[in-house]
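> Please find data.txt (compact mmCIF, C-alpha atoms) on the next line:
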# COMPACT_ATOMS: atom_id res chain seq x y z
CA MET R 16 0.00 0.00 0.00
CA SER R 17 1.41 3.42 -0.92
CA ALA R 18 1.65 6.11 1.74
CA ARG R 19 -1.18 8.00 0.08
CA GLU R 20 -3.50 4.98 0.03
CA GLU R 21 -2.66 4.23 3.65
CA PHE R 22 -3.51 7.83 4.61
CA VAL R 23 -6.87 7.65 2.82
CA SER R 24 -7.79 4.23 4.25
CA ILE R 25 -7.01 5.26 7.85
CA TYR R 26 -8.98 8.47 7.45
CA ARG R 27 -12.02 6.74 5.89
CA GLU R 28 -12.15 3.83 8.32
CA THR R 29 -11.74 5.77 11.55
CA LEU R 30 -13.74 8.94 10.86
CA PRO R 31 -17.18 7.29 11.46
CA VAL R 32 -15.96 5.80 14.75
CA LEU R 33 -14.61 9.18 15.89
CA LEU R 34 -17.85 10.92 14.93
CA ILE R 35 -19.86 8.42 17.02
CA ALA R 36 -17.53 9.07 19.98
CA LEU R 37 -17.92 12.81 19.36
CA GLY R 38 -21.72 12.57 19.51
CA GLY R 39 -21.52 10.58 22.74
CA GLY R 40 -19.01 13.04 24.15
CA LEU R 41 -21.28 16.02 23.45
CA VAL R 42 -24.19 14.32 25.22
CA SER R 43 -22.04 13.71 28.29
CA GLY R 44 -20.80 17.32 28.02
CA VAL R 45 -24.36 18.61 28.30
CA ILE R 46 -24.79 16.42 31.40
CA LEU R 47 -21.52 17.76 32.88
CA GLU R 48 -22.80 21.29 32.29
CA ASN R 49 -25.84 20.39 34.43
CA LEU R 50 -23.62 18.84 37.08
CA LEU R 51 -21.92 22.22 37.66
CA GLU R 52 -24.96 23.28 39.71
CA SER R 53 -24.34 20.46 42.20
CA VAL R 54 -20.74 21.47 42.78
CA GLU R 55 -21.66 23.98 45.45
CA ARG R 56 -23.50 21.29 47.41
CA PHE R 57 -20.50 18.90 47.11
CA PRO R 58 -17.23 20.88 46.97
CA GLY R 59 -14.48 18.91 45.23
CA LEU R 60 -16.94 16.88 43.12
CA LEU R 61 -15.36 18.10 39.85
CA VAL R 62 -12.00 16.60 40.89
CA MET R 63 -13.58 13.11 40.78
CA VAL R 64 -15.25 13.42 37.36
CA PRO R 65 -12.26 12.79 35.02
CA VAL R 66 -10.88 9.99 37.22
CA PHE R 67 -14.27 8.30 37.37
CA LEU R 68 -14.75 8.49 33.58
CA ALA R 69 -11.16 7.37 32.87
CA THR R 70 -11.46 4.25 35.06
CA ARG R 71 -14.67 3.26 33.26
CA GLY R 72 -12.60 3.25 30.04
CA ASN R 73 -9.71 1.34 31.63
CA VAL R 74 -11.79 -1.39 33.31
CA TYR R 75 -14.30 -2.01 30.53
CA GLY R 76 -11.79 -1.39 27.73
CA ALA R 77 -9.77 -4.25 29.26
CA LEU R 78 -12.91 -6.44 29.55
CA GLY R 79 -13.85 -5.64 25.94
CA GLY R 80 -10.33 -6.42 24.70
CA ARG R 81 -10.35 -9.71 26.60
CA LEU R 82 -13.78 -10.71 25.25
CA ALA R 83 -12.74 -9.74 21.70
CA SER R 84 -9.60 -11.89 21.95
CA GLY R 85 -11.65 -14.71 23.52
CA LEU R 86 -14.13 -14.62 20.62
CA HIS R 87 -11.28 -14.61 18.06
CA GLN R 88 -9.59 -17.57 19.77
CA GLY R 89 -12.87 -19.44 20.09
CA LEU R 90 -12.47 -19.54 23.89
CA ILE R 91 -15.92 -18.06 24.47
CA GLU R 92 -19.19 -18.40 22.58
CA PRO R 93 -20.98 -15.26 21.33
CA ARG R 94 -24.04 -15.75 23.55
CA PHE R 95 -25.12 -15.23 27.15
CA SER R 96 -24.30 -18.50 28.91
CA TRP R 97 -22.92 -19.74 32.24
CA ASP R 98 -19.45 -20.16 30.74
CA GLU R 99 -16.67 -20.28 33.31
CA ARG R 100 -14.41 -17.84 31.41
CA LEU R 101 -17.20 -15.40 30.66
CA VAL R 102 -18.43 -15.40 34.27
CA ASN R 103 -14.88 -14.91 35.56
CA ALA R 104 -14.17 -12.00 33.22
CA VAL R 105 -17.48 -10.32 34.12
CA VAL R 106 -17.00 -10.84 37.87
CA ALA R 107 -13.41 -9.51 37.68
CA SER R 108 -14.44 -6.33 35.85
CA PHE R 109 -17.28 -5.80 38.32
CA VAL R 110 -14.85 -6.16 41.26
CA ASN R 111 -12.33 -3.85 39.54
CA GLY R 112 -15.00 -1.29 38.64
CA ILE R 113 -16.55 -1.09 42.12
CA GLY R 114 -13.23 -1.40 43.96
CA ILE R 115 -11.62 1.43 42.02
CA SER R 116 -14.72 3.61 42.61
CA VAL R 117 -14.16 3.30 46.37
CA VAL R 118 -10.44 4.04 45.91
CA ILE R 119 -11.29 7.16 43.85
CA ALA R 120 -13.57 8.53 46.61
CA VAL R 121 -10.83 8.06 49.23
CA LEU R 122 -8.03 9.40 46.97
CA THR R 123 -10.04 12.49 46.03
CA ARG R 124 -10.86 13.25 49.67
CA LEU R 125 -7.16 12.78 50.51
CA ALA R 126 -5.93 15.01 47.65
CA LEU R 127 -8.37 17.78 48.65
CA ALA R 128 -7.19 17.53 52.28
CA VAL R 129 -3.51 17.72 51.22
CA LEU R 130 -4.23 20.77 49.02
CA GLY R 131 -6.24 22.32 51.85
CA TRP R 132 -9.26 22.83 49.59
CA GLU R 133 -12.87 22.79 50.68
CA SER R 134 -14.37 19.32 50.37
CA ALA R 135 -17.58 17.36 50.89
CA ALA R 136 -17.57 14.59 53.54
CA LEU R 137 -15.87 11.27 52.78
CA TRP R 138 -19.13 9.32 53.20
CA GLU R 139 -20.79 11.59 50.61
CA PHE R 140 -18.00 10.93 48.07
CA LEU R 141 -18.15 7.19 48.89
CA ALA R 142 -21.93 7.04 48.46
CA ILE R 143 -21.79 8.95 45.14
CA MET R 144 -19.00 6.74 43.75
CA LEU R 145 -20.61 3.47 44.93
CA ILE R 146 -24.05 4.26 43.50
CA SER R 147 -22.71 5.52 40.15
CA GLY R 148 -20.05 2.77 40.06
CA VAL R 149 -22.52 -0.11 40.49
CA LEU R 150 -25.01 1.32 37.98
CA THR R 151 -22.40 2.15 35.30
CA SER R 152 -20.72 -1.26 35.69
CA THR R 153 -24.02 -3.07 35.16
CA VAL R 154 -24.93 -1.09 32.04
CA LEU R 155 -21.41 -1.31 30.56
CA ILE R 156 -21.05 -5.06 31.12
CA PHE R 157 -24.41 -5.89 29.55
CA GLY R 158 -23.96 -3.26 26.82
CA LEU R 159 -20.52 -4.66 25.93
CA LEU R 160 -21.73 -8.28 25.85
CA LEU R 161 -24.80 -7.37 23.81
CA VAL R 162 -22.98 -5.28 21.18
CA LEU R 163 -19.88 -7.51 20.98
CA PHE R 164 -21.89 -10.72 20.59
CA GLY R 165 -24.37 -9.10 18.20
CA GLY R 166 -21.59 -7.48 16.17
CA TYR R 167 -19.51 -10.68 16.08
CA LYS R 168 -22.47 -12.72 14.80
CA ALA R 169 -23.14 -10.02 12.19
CA GLY R 170 -19.55 -10.37 10.95
CA TYR R 171 -17.87 -7.34 12.54
CA ASP R 172 -14.37 -7.59 14.03
CA PRO R 173 -15.00 -7.19 17.80
CA ASP R 174 -11.57 -5.48 18.14
CA ASN R 175 -12.90 -2.52 16.16
CA LEU R 176 -16.10 -2.29 18.20
CA VAL R 177 -14.65 -2.23 21.73
CA GLY R 178 -13.13 1.28 21.65
CA PRO R 179 -16.16 3.26 20.46
CA ILE R 180 -18.62 1.20 22.60
CA VAL R 181 -16.61 1.74 25.76
CA THR R 182 -15.94 5.46 25.25
CA THR R 183 -19.48 6.28 24.13
CA LEU R 184 -21.44 4.15 26.61
CA GLY R 185 -18.94 4.89 29.40
CA ASP R 186 -19.05 8.67 28.95
CA ILE R 187 -22.83 8.94 28.58
CA PHE R 188 -23.90 6.46 31.27
CA GLY R 189 -20.99 7.40 33.55
CA MET R 190 -22.13 11.04 33.57
CA LEU R 191 -25.85 10.18 33.77
CA PHE R 192 -25.43 7.89 36.78
CA LEU R 193 -23.04 10.39 38.39
CA VAL R 194 -25.76 13.06 38.20
CA PHE R 195 -28.31 10.53 39.49
CA ALA R 196 -26.06 9.59 42.44
CA VAL R 197 -25.33 13.24 43.24
CA THR R 198 -29.05 14.02 43.23
CA LEU R 199 -29.84 10.98 45.40
CA VAL R 200 -27.11 11.73 47.96
CA GLY R 201 -28.11 15.40 47.86
CA VAL R 202 -31.62 14.54 49.06
CA ILE R 203 -30.27 12.65 52.08
CA PRO R 204 -29.96 15.30 54.79
CA MET S 21 -3.59 -11.26 20.97
CA SER S 22 -1.83 -13.91 23.01
CA ILE S 23 -1.33 -17.34 21.53
CA LEU S 24 -1.69 -19.48 24.63
CA SER S 25 -2.69 -23.10 24.92
CA THR S 26 -6.26 -23.65 26.10
CA ASP S 27 -5.52 -24.89 29.61
CA ARG S 28 -2.96 -22.14 30.33
CA SER S 29 -5.32 -19.47 29.14
CA LEU S 30 -7.99 -20.74 31.54
CA GLY S 31 -5.65 -19.60 34.32
CA SER S 32 -5.45 -16.09 32.86
CA TRP S 33 -9.28 -16.05 32.73
CA SER S 34 -9.65 -16.54 36.50
CA ALA S 35 -11.36 -13.62 38.22
CA ARG S 36 -8.70 -13.54 40.94
CA SER S 37 -5.81 -13.27 38.50
CA ILE S 38 -7.53 -10.60 36.36
CA VAL S 39 -8.23 -8.47 39.45
CA SER S 40 -4.78 -8.90 41.00
CA THR S 41 -3.05 -7.98 37.71
CA MET S 42 -5.22 -4.99 36.91
CA PHE S 43 -6.09 -3.41 40.23
CA PRO S 44 -2.64 -2.02 41.11
CA LEU S 45 -2.37 -0.51 37.61
CA LEU S 46 -5.85 1.04 38.02
CA ILE S 47 -4.78 2.71 41.28
CA VAL S 48 -1.61 4.17 39.71
CA LEU S 49 -3.58 5.46 36.71
CA SER S 50 -6.24 6.98 39.01
CA VAL S 51 -3.59 8.95 40.89
CA ILE S 52 -2.28 10.31 37.56
CA VAL S 53 -5.73 11.30 36.26
CA LEU S 54 -6.55 12.96 39.61
CA ALA S 55 -4.22 15.74 38.40
CA ALA S 56 -6.61 16.37 35.51
CA GLY S 57 -9.50 16.55 37.96
CA ILE S 58 -7.70 19.13 40.05
CA THR S 59 -7.28 21.27 36.90
CA LEU S 60 -11.00 20.96 36.19
CA ASP S 61 -11.86 22.08 39.71
CA ARG S 62 -9.52 25.10 39.43
CA ALA S 63 -11.31 26.02 36.20
CA GLU S 64 -14.74 25.96 37.86
CA ALA S 65 -15.19 29.75 37.64
CA LEU S 66 -14.19 29.74 33.95
CA LEU S 67 -16.62 26.88 33.22
CA GLU S 68 -19.46 28.58 35.09
CA GLU S 69 -19.04 31.80 33.12
CA TYR S 70 -18.60 30.04 29.77
CA ARG S 71 -20.79 26.98 30.22
CA VAL S 72 -20.34 25.86 26.61
CA LEU S 73 -16.74 24.98 27.57
CA ALA S 74 -18.06 22.44 30.08
CA ILE S 75 -19.93 20.79 27.21
CA MET S 76 -16.66 20.51 25.26
CA VAL S 77 -14.49 19.07 28.06
CA PRO S 78 -15.39 15.33 27.93
CA THR S 79 -15.34 15.26 24.11
CA MET S 80 -12.01 17.13 23.84
CA VAL S 81 -10.30 14.65 26.14
CA GLY S 82 -12.17 11.61 24.78
CA LEU S 83 -11.30 12.39 21.15
CA GLY S 84 -7.64 12.96 22.03
CA GLY S 85 -7.57 9.56 23.72
CA ASN S 86 -9.33 7.93 20.76
CA LEU S 87 -6.80 9.36 18.28
CA GLY S 88 -3.94 8.09 20.46
CA ALA S 89 -5.58 4.68 20.83
CA ILE S 90 -6.07 4.33 17.06
CA LEU S 91 -2.44 5.23 16.34
CA SER S 92 -1.12 3.00 19.16
CA SER S 93 -3.05 -0.04 18.02
CA ARG S 94 -1.91 0.57 14.43
CA LEU S 95 1.71 0.92 15.55
CA SER S 96 1.58 -2.23 17.67
CA SER S 97 0.00 -4.15 14.77
CA ARG S 98 2.85 -2.93 12.51
CA LEU S 99 5.29 -4.07 15.16
CA HIS S 100 3.63 -7.51 15.41
CA LEU S 101 3.68 -7.79 11.61
CA GLY S 102 7.35 -6.82 11.59
CA VAL S 103 6.93 -3.78 9.34
CA ALA S 104 7.61 -1.09 11.97
CA THR S 105 11.12 0.25 11.68
CA PHE S 106 11.04 3.53 13.63
CA ASP S 107 12.93 5.00 10.68
CA VAL S 108 12.27 8.62 9.67
CA ARG S 109 12.46 7.54 6.01
CA ASP S 110 9.52 5.13 6.50
CA THR S 111 6.74 6.84 4.50
CA GLY S 112 4.14 4.47 6.02
CA LEU S 113 4.77 5.98 9.45
CA TRP S 114 4.41 9.51 8.08
CA ALA S 115 1.14 8.50 6.38
CA ASN S 116 -0.13 7.34 9.80
CA ILE S 117 0.88 10.62 11.44
CA ALA S 118 -0.63 12.70 8.63
CA ALA S 119 -3.90 10.73 8.84
CA ILE S 120 -4.14 11.27 12.62
CA LEU S 121 -3.54 15.02 12.17
CA ALA S 122 -6.10 15.24 9.35
CA LEU S 123 -8.62 13.39 11.53
CA ALA S 124 -7.85 15.80 14.39
CA VAL S 125 -8.54 18.86 12.21
CA THR S 126 -11.81 17.29 10.98
CA VAL S 127 -13.23 16.13 14.30
CA PHE S 128 -12.21 19.21 16.30
CA THR S 129 -13.86 21.44 13.67
CA VAL S 130 -17.04 19.34 13.99
CA LEU S 131 -16.72 19.56 17.80
CA ALA S 132 -16.56 23.38 17.66
CA ILE S 133 -19.60 23.58 15.37
CA GLY S 134 -21.54 21.01 17.44
CA SER S 135 -20.83 22.77 20.74
CA TYR S 136 -21.66 26.13 19.17
CA LEU S 137 -25.08 24.81 18.12
CA LEU S 138 -25.69 23.15 21.51
CA GLY S 139 -24.60 26.38 23.20
CA LEU S 140 -27.11 28.34 21.11
CA ALA S 141 -29.89 25.87 21.93
CA LEU S 142 -29.13 26.01 25.65
CA GLY S 143 -28.55 29.77 25.67
CA VAL S 144 -24.90 29.51 26.74
CA GLY S 145 -23.31 30.36 23.37
CA VAL S 146 -19.85 31.74 22.65
CA ALA S 147 -18.97 33.13 19.15
CA LEU S 148 -18.17 30.38 16.60
CA PRO S 149 -14.73 31.75 15.54
CA THR S 150 -13.64 31.79 19.21
CA LEU S 151 -14.81 28.19 19.73
CA LEU S 152 -13.16 27.08 16.47
CA PHE S 153 -9.88 28.69 17.53
CA ILE S 154 -9.97 27.09 21.02
CA ALA S 155 -10.99 23.67 19.66
CA LEU S 156 -8.39 23.60 16.86
CA VAL S 157 -5.41 24.97 18.83
CA SER S 158 -5.99 22.71 21.84
CA GLY S 159 -7.17 19.77 19.68
CA ILE S 160 -4.09 19.76 17.44
CA SER S 161 -1.77 20.18 20.45
CA ILE S 162 -3.49 17.19 22.10
CA ALA S 163 -3.16 15.17 18.87
CA VAL S 164 0.59 15.95 18.73
CA ILE S 165 0.98 14.81 22.35
CA ALA S 166 -1.01 11.64 21.55
CA ILE S 167 1.24 10.94 18.55
CA VAL S 168 4.50 11.47 20.49
CA CYS S 169 3.18 9.40 23.39
CA SER S 170 2.00 6.55 21.11
CA PHE S 171 5.43 6.34 19.49
CA GLY S 172 7.21 6.57 22.86
CA ALA S 173 5.05 3.91 24.52
CA THR S 174 5.19 1.53 21.55
CA TYR S 175 8.97 1.94 21.22
CA ALA S 176 9.47 1.49 24.99
CA SER S 177 7.35 -1.68 25.14
CA TYR S 178 9.23 -2.98 22.06
CA ARG S 179 12.58 -2.39 23.79
CA LEU S 180 11.32 -3.85 27.08
CA GLY S 181 9.92 -6.89 25.29
CA VAL S 182 6.37 -6.27 26.56
CA ASP S 183 3.40 -6.82 24.25
CA PRO S 184 2.46 -3.23 23.23
CA ASP S 185 -1.22 -4.32 23.03
CA ASP S 186 -1.31 -4.56 26.84
CA LEU S 187 0.57 -1.38 27.59
CA THR S 188 0.22 1.44 25.09
CA ILE S 189 -3.52 2.23 25.06
CA PRO S 190 -3.97 2.72 28.83
CA ILE S 191 -0.78 4.83 28.98
CA VAL S 192 -1.69 7.00 25.98
CA THR S 193 -5.31 7.58 27.02
CA ASN S 194 -4.31 8.51 30.57
CA VAL S 195 -1.52 10.89 29.48
CA VAL S 196 -4.00 12.53 27.09
CA ASP S 197 -6.58 12.78 29.92
CA VAL S 198 -4.14 14.80 32.02
CA PHE S 199 -2.50 16.97 29.34
CA GLY S 200 -5.69 17.36 27.32
CA MET S 201 -7.44 18.95 30.27
CA LEU S 202 -4.46 21.21 31.08
CA ILE S 203 -4.11 22.38 27.46
CA PHE S 204 -7.83 22.92 26.90
CA VAL S 205 -8.26 24.95 30.09
CA GLY S 206 -5.03 26.87 29.39
CA VAL S 207 -5.96 27.77 25.81
CA SER S 208 -9.52 28.79 26.82
CA TRP S 209 -8.09 30.89 29.64
CA VAL S 210 -5.77 32.82 27.27
CA VAL S 211 -8.31 33.21 24.43
CA LEU S 212 -11.16 34.40 26.65
CA GLY S 213 -8.81 36.67 28.62
CA PHE S 214 -10.10 35.23 31.85
Could the structure of this file be written out as structure tokens, please?

Amino acid sequence: MSAREEFVSIYRETLPVLLIALGGGLVSGVILENLLESVERFPGLLVMVPVFLATRGNVYGALGGRLASGLHQGLIEPRFSWDERLVNAVVASFVNGIGISVVIAVLTRLALAVLGWESAALWEFLAIMLISGVLTSTVLIFGLLLVLFGGYKAGYDPDNLVGPIVTTLGDIFGMLFLVFAVTLVGVIP
Amino acid sequence: MSILSTDRSLGSWSARSIVSTMFPLLIVLSVIVLAAGITLDRAEALLEEYRVLAIMVPTMVGLGGNLGAILSSRLSSRLHLGVATFDVRDTGLWANIAAILALAVTVFTVLAIGSYLLGLALGVGVALPTLLFIALVSGISIAVIAIVCSFGATYASYRLGVDPDDLTIPIVTNVVDVFGMLIFVGVSWVVLGF
């Protein structure tokens, strides 16, 4: 392939994926804009947002990559079943996703204390991260399985699907459930 | 993709081993990205005055990470196929870089227009030329960082003998998370004279 052809093929193949991610990103941006109002109720909340979103990508990107490789190698079947490997991978990502949410709440509280900035209480951060962590994990795991299996059976390379699914679903549902958790914890006196 | 025998790969599919391999890495990455969060919190006043910027934040960072991830996975595939040479005379490498930059110009232009329209609809608009300038300057800077970081991480994992598939994408996306936020907030700050 000449350099020119390579340039054109990369541009053509990846532009649709990037535009999907862009659409998802804008939706989560609108939700972040709404979240700004809650910042006064929970000082330091904005510090947690990028870490929370980034870990969604790390945990479920890894799960997606593992499932894609498993499908390619024929180690797992493209359907919902009580397969030992599938159950293990799902359980591990759930443990990682929830565990890191708790770590984020503690780390954020610690960083704010070190910087001497105003901060909400640790239990408030913990409650927000746990609620949004559990909900996002559930949606991402089932979303990933559904799209990867469906896509694989329809003849798509699961490796190409993982990235956009994880960034788009992770950003939108991560932000949505974060707002939901903030609202819920905000109502508790 | 690892080429392991079936019974060995069952070991790597155990929940305990997946968690114990990944969790320490997740903690390290979280500490790094916390720096990006601190920048976002410092920029709270800027975001509250120009709320359209808050709409752009997740997309700016997400797209930068996506561009880096695409280049990294292409580089590691080239490495696996034995065609990567890390030679400046390799026109294939330059075609990859040029394509990433062209994609950056395209998507960050679309981002500026999209946020402008959303801003209008929500009544938090900023002039389109200003948004275009902020999106393109910070977007292209982020793309350059993603490119440098993809090459660095792929080359490092090649020298260390680690499979770049396991290493480069998390590193690149997290570096972009941190620097993307810093650059975007910095550029907006200067342009809007905040």
> If we count all atoms listed in the file, what is near Ser37 (chain S) at a cut-off of 12 Å, once residues fewer than 4 positions away on the same chain are taken out, given as a short mmCIF file (atom, residue, chain, number, x, y, z; two decimals) with C-alpha atoms, keeping the file's coordinate frame?

data_model
loop_
_atom_site.label_atom_id
_atom_site.label_comp_id
_atom_site.auth_asym_id
_atom_site.auth_seq_id
_atom_site.Cartn_x
_atom_site.Cartn_y
_atom_site.Cartn_z
CA ASN R 103 -14.88 -14.91 35.56
CA ALA R 104 -14.17 -12.00 33.22
CA VAL R 106 -17.00 -10.84 37.87
CA ALA R 107 -13.41 -9.51 37.68
CA SER R 108 -14.44 -6.33 35.85
CA VAL R 110 -14.85 -6.16 41.26
CA ASN R 111 -12.33 -3.85 39.54
CA SER S 29 -5.32 -19.47 29.14
CA LEU S 30 -7.99 -20.74 31.54
CA GLY S 31 -5.65 -19.60 34.32
CA SER S 32 -5.45 -16.09 32.86
CA TRP S 33 -9.28 -16.05 32.73
CA THR S 41 -3.05 -7.98 37.71
CA MET S 42 -5.22 -4.99 36.91
CA PHE S 43 -6.09 -3.41 40.23
CA PRO S 44 -2.64 -2.02 41.11
#
> Do a neighbour search on Val168 (chain S) at 10 Å with all atoms listed in the file, toss out local chain neighbours closer than 5 positions, and write the hits as a VMD selection string.
chain S and resid 88 117 162 to 163 173 192
> Near chain S, meaning an atom within 6 Å, which residues of chain R appear when counting only C-alpha atoms? Write them as a PyMOL selection string.
chain R and resi 18+22+26+37+40+44-45+48+61-62+65-66+100+103-104+107
> Emit the selected residues as a CSV table (one decimal), in the frame of the given file, including C-alpha atoms.

chain,number,residue,atom,x,y,z
R,18,ALA,CA,1.6,6.1,1.7
R,22,PHE,CA,-3.5,7.8,4.6
R,26,TYR,CA,-9.0,8.5,7.4
R,37,LEU,CA,-17.9,12.8,19.4
R,40,GLY,CA,-19.0,13.0,24.2
R,44,GLY,CA,-20.8,17.3,28.0
R,45,VAL,CA,-24.4,18.6,28.3
R,48,GLU,CA,-22.8,21.3,32.3
R,61,LEU,CA,-15.4,18.1,39.8
R,62,VAL,CA,-12.0,16.6,40.9
R,65,PRO,CA,-12.3,12.8,35.0
R,66,VAL,CA,-10.9,10.0,37.2
R,100,ARG,CA,-14.4,-17.8,31.4
R,103,ASN,CA,-14.9,-14.9,35.6
R,104,ALA,CA,-14.2,-12.0,33.2
R,107,ALA,CA,-13.4,-9.5,37.7
> Have a look at R:Phe188, R:Thr29, R:Val177, R:Tyr171 and name the one nearest to Ala77 (chain R); count only C-alpha atoms.
R:Val177
> Quick one: distance from CA of Arg27 (chain R) to CA of Thr182 (chain R) in Å, one decimal?
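Separation of CA of Arg27 (chain R) and CA of Thr182 (chain R): 19.8 Å.
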> Which of these residues is nearest to Gly172 (chain S), using all atoms listed in the file: S:Leu212, S:Ile154, S:Leu187, S:Ala147?
S:Leu187
> From the options R:Gly59, R:Pro93, R:Gly72, R:Gly170, which residue's atoms come nearest to Ala120 (chain R), counting only C-alpha atoms?
R:Gly59
> One number please: CA of Gly159 (chain S) to CA of Thr129 (chain S), in Å, one decimal.
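Going from CA of Gly159 (chain S) over to CA of Thr129 (chain S) covers 9.1 Å.
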> So which one's closest to Thr153 (chain R), R:Leu127, R:Val105, R:Val64, R:Val200? Using all atoms listed in the file, please.
R:Val105
> With only C-alpha atoms as the atoms that count, which of R:Val74, R:Met16, R:Ala128, R:Leu184 lies nearest to Leu155 (chain R)?
R:Leu184
> Tell me, in Å to one decimal, how far CA of Gly76 (chain R) is from CA of Leu122 (chain R).
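These two atoms are separated by 22.4 Å.
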> Which residue out of R:Gln88, R:Ala142, R:Val181, R:Trp132 has the minimum interatomic distance to Val32 (chain R) when all atoms listed in the file are used?
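Closest to Val32 (chain R) of all the choices is R:Val181.
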